[in-house]
>>> print(open('target04.tsv').read())   # TSV, C-alpha atoms and all ligand atoms
chain	number	residue	atom	x	y	z
A	89	MET	CA	-9.24	-2.40	-14.92
A	90	ARG	CA	-10.27	-5.97	-15.67
A	91	LEU	CA	-6.69	-7.18	-15.72
A	92	PHE	CA	-5.94	-5.40	-12.44
A	93	GLY	CA	-9.10	-6.87	-10.93
A	94	ASP	CA	-7.91	-10.35	-11.85
A	95	LYS	CA	-4.52	-9.71	-10.27
A	96	LEU	CA	-6.11	-8.44	-7.08
A	97	LYS	CA	-8.39	-11.45	-6.99
A	98	GLN	CA	-5.51	-13.84	-7.61
A	99	SER	CA	-3.44	-12.28	-4.81
A	100	LEU	CA	-6.29	-12.90	-2.37
A	101	THR	CA	-6.53	-16.63	-3.09
A	102	ARG	CA	-5.09	-17.66	0.28
A	103	THR	CA	-7.20	-15.13	2.13
A	104	ARG	CA	-10.32	-16.23	0.31
A	105	GLN	CA	-9.60	-19.88	1.09
A	106	SER	CA	-9.25	-19.23	4.80
A	107	PHE	CA	-10.92	-16.63	7.01
A	108	PHE	CA	-13.07	-14.83	4.49
A	109	GLY	CA	-14.13	-18.09	2.89
A	110	ARG	CA	-15.33	-19.21	6.32
A	111	ILE	CA	-17.20	-15.94	6.76
A	112	GLY	CA	-18.90	-16.62	3.44
A	113	SER	CA	-19.98	-20.06	4.66
A	114	LEU	CA	-21.44	-18.55	7.84
A	115	PHE	CA	-24.00	-16.77	5.73
A	116	GLY	CA	-24.78	-19.78	3.59
A	117	THR	CA	-28.11	-20.68	5.08
A	118	GLY	CA	-30.68	-19.98	7.67
A	119	GLU	CA	-31.40	-17.45	10.33
A	120	VAL	CA	-29.33	-14.81	12.02
A	121	THR	CA	-28.30	-15.98	15.49
A	122	ASP	CA	-26.10	-14.59	18.24
A	123	GLU	CA	-23.57	-17.27	17.42
A	124	LEU	CA	-23.35	-15.99	13.88
A	125	TRP	CA	-22.40	-12.51	15.12
A	126	ASP	CA	-19.81	-13.96	17.51
A	127	GLU	CA	-18.25	-16.13	14.85
A	128	LEU	CA	-18.21	-13.25	12.38
A	129	GLU	CA	-16.39	-11.07	14.87
A	130	GLU	CA	-13.88	-13.79	15.66
A	131	LEU	CA	-13.10	-14.51	12.01
A	132	LEU	CA	-12.67	-10.83	11.13
A	133	ILE	CA	-10.23	-10.36	13.99
A	134	GLN	CA	-8.30	-13.48	12.96
A	135	ALA	CA	-8.10	-12.12	9.42
A	136	ASP	CA	-6.22	-9.00	10.63
A	137	VAL	CA	-9.15	-6.63	10.31
A	138	GLY	CA	-8.24	-5.29	13.75
A	139	VAL	CA	-10.30	-5.33	16.93
A	140	ASN	CA	-11.64	-1.75	16.79
A	141	THR	CA	-12.48	-1.96	13.13
A	142	THR	CA	-14.16	-5.33	13.59
A	143	VAL	CA	-16.30	-4.15	16.48
A	144	ALA	CA	-17.39	-1.03	14.60
A	145	LEU	CA	-18.09	-2.95	11.40
A	146	VAL	CA	-20.14	-5.67	13.09
A	147	GLN	CA	-22.08	-3.08	15.09
A	148	GLU	CA	-22.99	-1.18	11.94
A	149	VAL	CA	-24.09	-4.38	10.19
A	150	ARG	CA	-26.20	-5.39	13.21
A	151	ASP	CA	-27.83	-1.96	13.37
A	152	ARG	CA	-28.70	-2.01	9.72
A	153	THR	CA	-30.00	-5.57	9.96
A	154	ARG	CA	-32.36	-4.47	12.71
A	155	ARG	CA	-33.42	-1.20	11.03
A	156	GLU	CA	-34.02	-2.87	7.71
A	157	ARG	CA	-35.71	-5.89	9.33
A	158	VAL	CA	-33.49	-8.38	7.59
A	159	ARG	CA	-33.95	-11.93	8.90
A	160	GLU	CA	-32.14	-14.14	6.42
A	161	ALA	CA	-28.42	-14.64	6.67
A	162	ALA	CA	-28.09	-14.05	2.93
A	163	GLY	CA	-29.49	-10.53	3.36
A	164	VAL	CA	-27.06	-9.81	6.18
A	165	PHE	CA	-24.20	-10.93	3.95
A	166	VAL	CA	-25.19	-8.31	1.38
A	167	ILE	CA	-25.17	-5.64	4.11
A	168	LEU	CA	-21.81	-6.85	5.40
A	169	LYS	CA	-20.23	-6.52	1.98
A	170	GLU	CA	-21.73	-3.05	1.48
A	171	GLU	CA	-20.34	-1.89	4.83
A	172	MET	CA	-16.95	-3.38	3.98
A	173	VAL	CA	-16.80	-1.36	0.78
A	174	LYS	CA	-17.80	1.75	2.76
A	175	ALA	CA	-14.77	1.25	5.00
A	176	PHE	CA	-12.75	2.69	2.10
A	177	PRO	CA	-13.82	6.27	1.41
A	178	THR	CA	-11.49	6.52	-1.59
A	179	SER	CA	-9.99	4.11	-4.08
A	180	GLY	CA	-7.34	4.13	-6.75
A	181	PRO	CA	-3.97	5.72	-7.43
A	182	PRO	CA	-3.03	9.16	-6.07
A	183	ALA	CA	-3.87	12.29	-8.02
A	184	LEU	CA	-0.63	13.58	-9.53
A	185	PRO	CA	0.14	16.60	-11.71
A	186	ALA	CA	-0.34	15.49	-15.31
A	187	ALA	CA	2.58	15.25	-17.72
A	188	PRO	CA	4.49	17.28	-18.84
A	189	ASP	CA	4.57	18.69	-15.30
A	190	LEU	CA	6.96	16.87	-13.02
A	191	ALA	CA	5.31	14.71	-10.36
A	192	VAL	CA	7.41	13.53	-7.41
A	193	VAL	CA	6.45	10.43	-5.43
A	194	LEU	CA	8.29	9.65	-2.20
A	195	VAL	CA	8.19	6.04	-1.04
A	196	VAL	CA	8.77	5.26	2.65
A	197	GLY	CA	8.46	2.31	5.01
A	198	VAL	CA	10.19	0.00	7.44
A	199	ASN	CA	13.06	-2.13	6.10
A	200	GLY	CA	12.10	-5.19	4.15
A	201	VAL	CA	8.45	-4.30	3.57
A	202	GLY	CA	8.86	-4.14	-0.20
A	203	LYS	CA	9.69	-0.49	-0.91
A	204	THR	CA	12.23	-0.94	-3.67
A	205	THR	CA	10.26	-3.66	-5.44
A	206	SER	CA	7.12	-1.53	-5.20
A	207	ILE	CA	9.00	1.43	-6.70
A	208	ALA	CA	9.99	-0.69	-9.68
A	209	LYS	CA	6.38	-1.81	-10.12
A	210	LEU	CA	5.13	1.77	-9.80
A	211	GLY	CA	7.68	2.71	-12.45
A	212	ARG	CA	6.18	0.12	-14.78
A	213	PHE	CA	2.63	1.23	-13.92
A	214	TYR	CA	3.32	4.86	-14.79
A	215	GLN	CA	5.44	3.95	-17.80
A	216	ASN	CA	2.40	2.13	-19.13
A	217	GLN	CA	0.52	5.40	-18.77
A	218	GLY	CA	3.07	7.07	-21.00
A	219	ARG	CA	5.06	8.90	-18.34
A	220	GLN	CA	8.82	9.49	-18.50
A	221	VAL	CA	9.90	7.77	-15.29
A	222	VAL	CA	13.07	8.39	-13.27
A	223	LEU	CA	14.06	6.62	-10.04
A	224	ALA	CA	16.18	8.14	-7.26
A	225	ALA	CA	18.27	5.94	-4.96
A	226	GLY	CA	17.56	7.68	-1.67
A	227	ASP	CA	18.42	4.64	0.44
A	228	THR	CA	22.11	5.37	0.77
A	229	PHE	CA	22.43	3.48	4.04
A	230	ARG	CA	22.03	-0.18	3.15
A	231	ALA	CA	25.02	-1.41	1.15
A	232	ALA	CA	23.24	-3.09	-1.76
A	233	ALA	CA	20.26	-0.75	-1.97
A	234	ILE	CA	21.65	1.48	-4.72
A	235	GLU	CA	22.60	-1.46	-6.93
A	236	GLN	CA	19.23	-3.10	-6.36
A	237	LEU	CA	17.46	0.00	-7.64
A	238	GLN	CA	19.86	0.23	-10.57
A	239	VAL	CA	19.02	-3.34	-11.56
A	240	TRP	CA	15.30	-2.50	-11.55
A	241	GLY	CA	16.00	0.69	-13.49
A	242	GLY	CA	17.84	-1.39	-16.09
A	243	ARG	CA	14.90	-3.75	-16.46
A	244	LEU	CA	12.54	-0.81	-16.87
A	245	GLY	CA	14.92	1.06	-19.13
A	246	VAL	CA	14.70	4.21	-17.00
A	247	PRO	CA	17.42	6.41	-15.49
A	248	VAL	CA	18.38	5.90	-11.84
A	249	ILE	CA	19.86	8.92	-10.08
A	250	ALA	CA	22.25	7.77	-7.35
A	251	GLY	CA	24.98	9.11	-5.12
A	252	LYS	CA	27.69	7.40	-3.12
A	253	PRO	CA	26.91	4.73	-0.53
A	254	GLY	CA	26.62	6.45	2.83
A	255	GLY	CA	25.99	9.78	1.12
A	256	ASP	CA	23.30	12.35	1.77
A	257	PRO	CA	19.88	11.18	0.50
A	258	GLY	CA	18.73	14.81	0.44
A	259	ALA	CA	21.45	15.56	-2.10
A	260	VAL	CA	20.38	12.59	-4.23
A	261	ALA	CA	16.77	13.81	-4.20
A	262	PHE	CA	17.88	17.35	-5.05
A	263	ASP	CA	19.95	16.14	-8.01
A	264	ALA	CA	17.14	13.90	-9.19
A	265	VAL	CA	14.60	16.74	-9.28
A	266	ALA	CA	17.08	18.99	-11.09
A	267	SER	CA	17.88	16.24	-13.59
A	268	CYS	CA	14.20	15.57	-14.35
A	269	ARG	CA	13.55	19.25	-14.94
A	270	ALA	CA	16.59	19.63	-17.17
A	271	ARG	CA	15.61	16.64	-19.31
A	272	GLY	CA	11.86	17.08	-19.29
A	273	GLN	CA	11.14	13.81	-17.50
A	274	ASP	CA	7.81	13.95	-15.73
A	275	LEU	CA	7.65	11.34	-12.97
A	276	LEU	CA	10.25	10.92	-10.25
A	277	ILE	CA	9.96	8.11	-7.71
A	278	VAL	CA	12.29	8.40	-4.72
A	279	ASP	CA	13.42	5.33	-2.76
A	280	THR	CA	14.28	5.85	0.92
A	281	ALA	CA	15.95	3.90	3.71
A	282	GLY	CA	13.93	1.72	6.04
A	283	ARG	CA	16.54	1.68	8.73
A	284	LEU	CA	19.59	3.70	9.70
A	285	HIS	CA	22.56	3.33	11.95
A	286	THR	CA	21.33	4.07	15.47
A	287	LYS	CA	23.11	7.37	15.73
A	288	PHE	CA	21.00	8.79	12.92
A	289	ASN	CA	17.30	9.41	13.05
A	290	LEU	CA	15.39	7.98	10.12
A	291	MET	CA	12.38	10.25	10.56
A	292	GLU	CA	14.60	13.35	10.56
A	293	GLU	CA	16.31	12.12	7.41
A	294	LEU	CA	12.98	11.58	5.65
A	295	LYS	CA	11.81	15.04	6.67
A	296	LYS	CA	14.99	16.46	5.24
A	297	VAL	CA	14.47	14.70	1.91
A	298	ARG	CA	11.01	16.27	1.78
A	299	ARG	CA	12.33	19.73	2.53
A	300	VAL	CA	15.03	19.48	-0.11
A	301	VAL	CA	12.51	18.41	-2.76
A	302	GLN	CA	10.15	21.20	-1.71
A	303	LYS	CA	12.84	23.80	-2.12
A	304	GLN	CA	12.92	23.11	-5.83
A	305	LEU	CA	9.28	22.23	-6.32
A	306	PRO	CA	7.00	23.83	-3.70
A	307	ASN	CA	4.11	21.36	-4.04
A	308	ALA	CA	6.30	18.27	-4.04
A	309	PRO	CA	6.29	15.50	-3.07
A	310	HIS	CA	2.89	15.13	-4.72
A	311	ALA	CA	2.40	11.78	-3.05
A	312	THR	CA	4.15	10.14	-0.11
A	313	LEU	CA	3.41	6.44	-0.24
A	314	LEU	CA	3.90	4.27	2.80
A	315	VAL	CA	4.62	0.65	1.94
A	316	ILE	CA	3.13	-1.80	4.42
A	317	ASP	CA	3.87	-5.53	4.40
A	318	ALA	CA	0.55	-7.36	4.47
A	319	THR	CA	2.17	-10.41	6.07
A	320	THR	CA	3.27	-8.63	9.24
A	321	GLY	CA	-0.16	-8.19	10.77
A	322	GLN	CA	-1.22	-5.68	13.34
A	323	ASN	CA	2.34	-4.88	14.45
A	324	ALA	CA	2.80	-3.09	11.17
A	325	LEU	CA	0.16	-0.57	12.15
A	326	ALA	CA	2.16	0.86	15.02
A	327	GLN	CA	5.22	1.28	12.82
A	328	ALA	CA	3.12	2.79	10.09
A	329	GLU	CA	1.68	5.38	12.45
A	330	HIS	CA	5.18	6.46	13.27
A	331	PHE	CA	5.91	7.18	9.60
A	332	ALA	CA	2.54	8.76	9.00
A	333	ARG	CA	3.11	11.26	11.79
A	334	ALA	CA	6.63	12.16	10.71
A	335	VAL	CA	6.29	12.56	6.95
A	336	ASP	CA	2.72	13.35	5.94
A	337	VAL	CA	1.98	10.03	4.31
A	338	THR	CA	-0.75	10.46	1.70
A	339	GLY	CA	-1.46	6.84	0.80
A	340	VAL	CA	-0.51	3.22	1.26
A	341	VAL	CA	0.93	0.50	-0.94
A	342	LEU	CA	-0.11	-2.78	0.66
A	343	ALA	CA	2.69	-5.10	-0.48
A	344	LYS	CA	2.77	-8.91	-0.40
A	345	LEU	CA	-0.98	-9.32	-0.32
A	346	ASP	CA	-0.36	-12.60	-2.16
A	347	GLY	CA	1.78	-13.83	0.73
A	348	THR	CA	-0.85	-13.87	3.46
A	349	ALA	CA	-4.04	-15.69	4.33
A	350	LYS	CA	-5.05	-12.72	6.47
A	351	GLY	CA	-5.79	-10.13	3.82
A	352	GLY	CA	-8.01	-8.09	6.11
A	353	MET	CA	-5.37	-5.59	7.11
A	354	ALA	CA	-6.54	-3.13	4.48
A	355	PHE	CA	-9.61	-2.42	6.64
A	356	ALA	CA	-7.56	-1.59	9.72
A	357	ILE	CA	-5.26	0.69	7.72
A	358	ALA	CA	-8.16	2.57	6.17
A	359	ARG	CA	-10.18	2.94	9.34
A	360	GLU	CA	-7.61	3.13	12.12
A	361	MET	CA	-5.00	5.14	10.25
A	362	GLY	CA	-7.39	7.01	7.99
A	363	LEU	CA	-5.11	6.43	5.00
A	364	PRO	CA	-6.26	5.44	1.53
A	365	ILE	CA	-4.91	2.17	0.17
A	366	GLN	CA	-3.79	3.14	-3.33
A	367	PHE	CA	-1.98	0.08	-4.65
A	368	VAL	CA	-1.51	-3.53	-3.64
A	369	GLY	CA	1.50	-5.75	-4.32
A	370	THR	CA	0.43	-9.06	-5.80
A	371	GLY	CA	3.77	-10.83	-6.36
A	372	GLU	CA	7.47	-10.33	-7.00
A	373	THR	CA	7.62	-9.29	-10.65
A	374	LEU	CA	7.32	-5.86	-12.29
A	375	ASP	CA	3.72	-6.41	-13.28
A	376	ASP	CA	2.58	-7.56	-9.84
A	377	LEU	CA	0.94	-4.33	-8.77
A	378	ALA	CA	-2.72	-3.41	-8.92
A	379	PRO	CA	-4.45	-0.11	-8.14
A	380	PHE	CA	-6.65	-0.69	-5.12
A	381	ASP	CA	-10.36	-0.71	-5.74
A	382	ALA	CA	-12.62	-1.25	-2.72
A	383	ALA	CA	-15.50	-2.97	-4.53
A	384	THR	CA	-13.16	-5.34	-6.39
A	385	TYR	CA	-11.27	-6.06	-3.19
A	386	VAL	CA	-14.36	-6.95	-1.16
A	387	GLU	CA	-15.75	-9.04	-3.99
A	388	ALA	CA	-12.42	-10.86	-4.29
A	389	LEU	CA	-12.36	-11.65	-0.57
A	390	PHE	CA	-15.40	-13.88	-1.00
A	391	ALA	CA	-15.78	-14.69	-4.70
B	401	LIG	N1	5.25	-12.17	-2.76
B	401	LIG	C1	5.57	-10.87	-2.79
B	401	LIG	N2	6.82	-10.51	-2.45
B	401	LIG	C2	7.13	-9.19	-2.50
B	401	LIG	C3	6.18	-8.20	-2.87
B	401	LIG	N3	6.78	-6.99	-2.79
B	401	LIG	C4	8.06	-7.22	-2.39
B	401	LIG	N4	8.29	-8.54	-2.21
B	401	LIG	C5	9.53	-9.20	-1.76
B	401	LIG	O1	9.91	-8.68	-0.50
B	401	LIG	C6	11.33	-8.65	-0.35
B	401	LIG	C7	11.79	-7.29	0.11
B	401	LIG	O2	11.53	-6.35	-0.90
B	401	LIG	P1	12.32	-4.98	-1.06
B	401	LIG	O3	11.64	-4.25	-2.17
B	401	LIG	O4	13.76	-5.18	-1.17
B	401	LIG	O5	12.00	-4.29	0.33
B	401	LIG	P2	12.53	-2.91	0.92
B	401	LIG	O6	11.45	-2.33	1.74
B	401	LIG	O7	13.05	-2.05	-0.18
B	401	LIG	O8	13.73	-3.40	1.85
B	401	LIG	P3	14.96	-2.52	2.44
B	401	LIG	O9	15.54	-1.79	1.28
B	401	LIG	O10	15.86	-3.55	3.02
B	401	LIG	O11	14.40	-1.61	3.47
B	401	LIG	C8	11.87	-9.08	-1.71
B	401	LIG	O12	12.22	-10.43	-1.65
B	401	LIG	C9	10.69	-8.87	-2.66
B	401	LIG	O13	10.72	-9.73	-3.78
B	401	LIG	C10	4.83	-8.64	-3.20
B	401	LIG	O14	3.92	-7.85	-3.51
B	401	LIG	N5	4.60	-9.98	-3.13
B	402	MG	MG	14.88	-1.09	-0.43
>>> encode(input="target04.tsv", output="structure tokens", more="lines below")
Ligand SMILES: Nc1nc2c(ncn2[C@@H]2O[C@H](COP(=O)(O)OP(=O)(O)OP(=O)(O)O)[C@@H](O)[C@H]2O)c(=O)[nH]1
Ligand SMILES: [Mg+2]
Amino acid sequence: MRLFGDKLKQSLTRTRQSFFGRIGSLFGTGEVTDELWDELEELLIQADVGVNTTVALVQEVRDRTRRERVREAAGVFVILKEEMVKAFPTSGPPALPAAPDLAVVLVVGVNGVGKTTSIAKLGRFYQNQGRQVVLAAGDTFRAAAIEQLQVWGGRLGVPVIAGKPGGDPGAVAFDAVASCRARGQDLLIVDTAGRLHTKFNLMEELKKVRRVVQKQLPNAPHATLLVIDATTGQNALAQAEHFARAVDVTGVVLAKLDGTAKGGMAFAIAREMGLPIQFVGTGETLDDLAPFDAATYVEALFA
């Protein structure tokens, strides 16, 4: 966990140096004033924490400060950090059936958010845990998507199950499950499209992929991970809700956390969407993925 903690901390460098660093300075000295609360609220909103989440968080901290008769800013800072950790009811990777049982992970999200790269990183993560990983190229729409996944599969040294460009992603998923079962491989990660030609409906296609997988393996997919791009701010939330409603998203991969100075979006996702953040993307290479841990995250925002 130490290594992952370092990665998470590293990816939050820009965030720490901007909004959250300034929040830390607010609590440096002295008394608690009305201005302090106003500034705190403003900085949290600027850091992508989201208006509703910010208001609720600041209210809770104010209430506790009053109840616990805290007068020093330093004491309020401790309460703030505790409440921030509490914003995440759960931490860590999804619970999956243990090997040798086959676990199926479906990865969804808007185009360009980092799905395929995250799949490769997840492949490495689970490989390191000793699992026999297989990838399925379920994005049959975008021309280069299949090849891109094959390149990652080559780097990982794992099989990539693919069909023809423009083919049926349900069929690819079906074949991939069958292939894993025939060969005794125990972790299948399915890539999906982020965008389709307008005459098709992406949500319907994703639902179909789910149904096809379920036909062979009733409890699958065991996790449906929504990839969210941390650099896109609050707009991403509306898109994410769309996916969450359509395909029973079970958790979030917050990609490109290293690419933003506003790393507060995790709070809005957890509170406003009620979804657990399970992994964060910390860069562009295979090892740039860390399991999300709320305490480490909050510490890294200020440390
Ligand atoms: N800095 C950084 N870049 C990332 C991260 N994850 C993905 N990227 C970059 O984001 C870009 C898009 O990544 P993809 O994995 O192709 O995204 P996608 O969602 O599969 O895109 P489509 O297949 O077009 O829908 C690539 O240039 C990746 O290198 C991350 O955690 N940090
Ligand atoms: Mg892709």
>>> closest_atom_pairs(input="target04.tsv", of="stretch 236-320 of chain A", to="stretch 116-136 of chain A", cutoff="10 Å", atoms="all atoms listed in the file", output="tab-separated table")
residue	atom	partner	partner_atom	distance
A:Ala318	CA	A:Asp136	CA	9.3
A:Thr319	CA	A:Asp136	CA	9.7
A:Thr320	CA	A:Asp136	CA	9.6
>>> closest_residue(input="target04.tsv", among="A:Asp279, A:Asp375, A:Asp263, A:Glu148", to="ligand MG 402 (chain B)", atoms="all atoms listed in the file")
A:Asp279
>>> residues_near_ligand(input="target04.tsv", ligand="ligand MG 402 (chain B)", cutoff="10 Å", atoms="all atoms listed in the file", output="list of chain:residue names")
A:Val195, A:Val196, A:Gly197, A:Val198, A:Asn199, A:Gly200, A:Val201, A:Gly202, A:Lys203, A:Thr204, A:Thr205, A:Ser206, A:Ile207, A:Ala225, A:Gly226, A:Asp227, A:Thr228, A:Phe229, A:Arg230, A:Ala232, A:Ala233, A:Ile234, A:Gln236, A:Leu237, A:Asp279, A:Thr280, A:Ala281, A:Gly282, A:Arg283
>>> closest_residue(input="target04.tsv", among="A:Lys169, A:Lys344, A:Arg212, A:Arg243", to="ligand LIG 401 (chain B)", atoms="only C-alpha atoms and all ligand atoms")
A:Lys344
>>> atom_distance(input="target04.tsv", atom1="atom CA of A:Arg150", atom2="atom CA of A:Ala175")
15.6 Å
>>> residues_around(input="target04.tsv", residues="A:Gly362", least_positions_apart="6", cutoff="10 Å", atoms="only C-alpha atoms", output="VMD selection string")
chain A and resid 175 to 177 338 to 339 355 to 356
>>> residues_around(input="target04.tsv", residues="A:Ile277", least_positions_apart="2", cutoff="7 Å", atoms="only C-alpha atoms", output="list in words")
Val192, Val193, Leu194, Ile207, Val222, Leu223, Ala224, Leu275 and Asp279 of chain A
>>> closest_residue(input="target04.tsv", among="A:Lys209, A:Arg299, A:Arg159, A:Arg152", to="ligand LIG 401 (chain B)", atoms="all atoms listed in the file")
A:Lys209
>>> closest_residue(input="target04.tsv", among="A:Thr178, A:Gln98, A:Thr153, A:Ser106", to="ligand LIG 401 (chain B)", atoms="all atoms listed in the file")
A:Gln98
>>> atom_distance(input="target04.tsv", atom1="atom O14 of ligand LIG 401 (chain B)", atom2="atom CA of A:Leu210")
11.6 Å
>>> closest_residue(input="target04.tsv", among="A:Leu184, A:Val173, A:Pro379, A:Arg102", to="A:Arg359", atoms="all atoms listed in the file")
A:Val173
>>> closest_residue(input="target04.tsv", among="A:Trp240, A:Phe108, A:Phe331, A:Phe213", to="ligand LIG 401 (chain B)", atoms="only C-alpha atoms and all ligand atoms")
A:Trp240
>>> residues_around(input="target04.tsv", residues="A:Asn140", least_positions_apart="2", cutoff="9 Å", atoms="only C-alpha atoms", output="list in words")
Val137, Gly138, Thr142, Val143, Ala144, Leu145, Ala356, Arg359 and Glu360 of chain A
>>> atom_distance(input="target04.tsv", atom1="atom CA of A:Gln217", atom2="atom O12 of ligand LIG 401 (chain B)")
26.1 Å
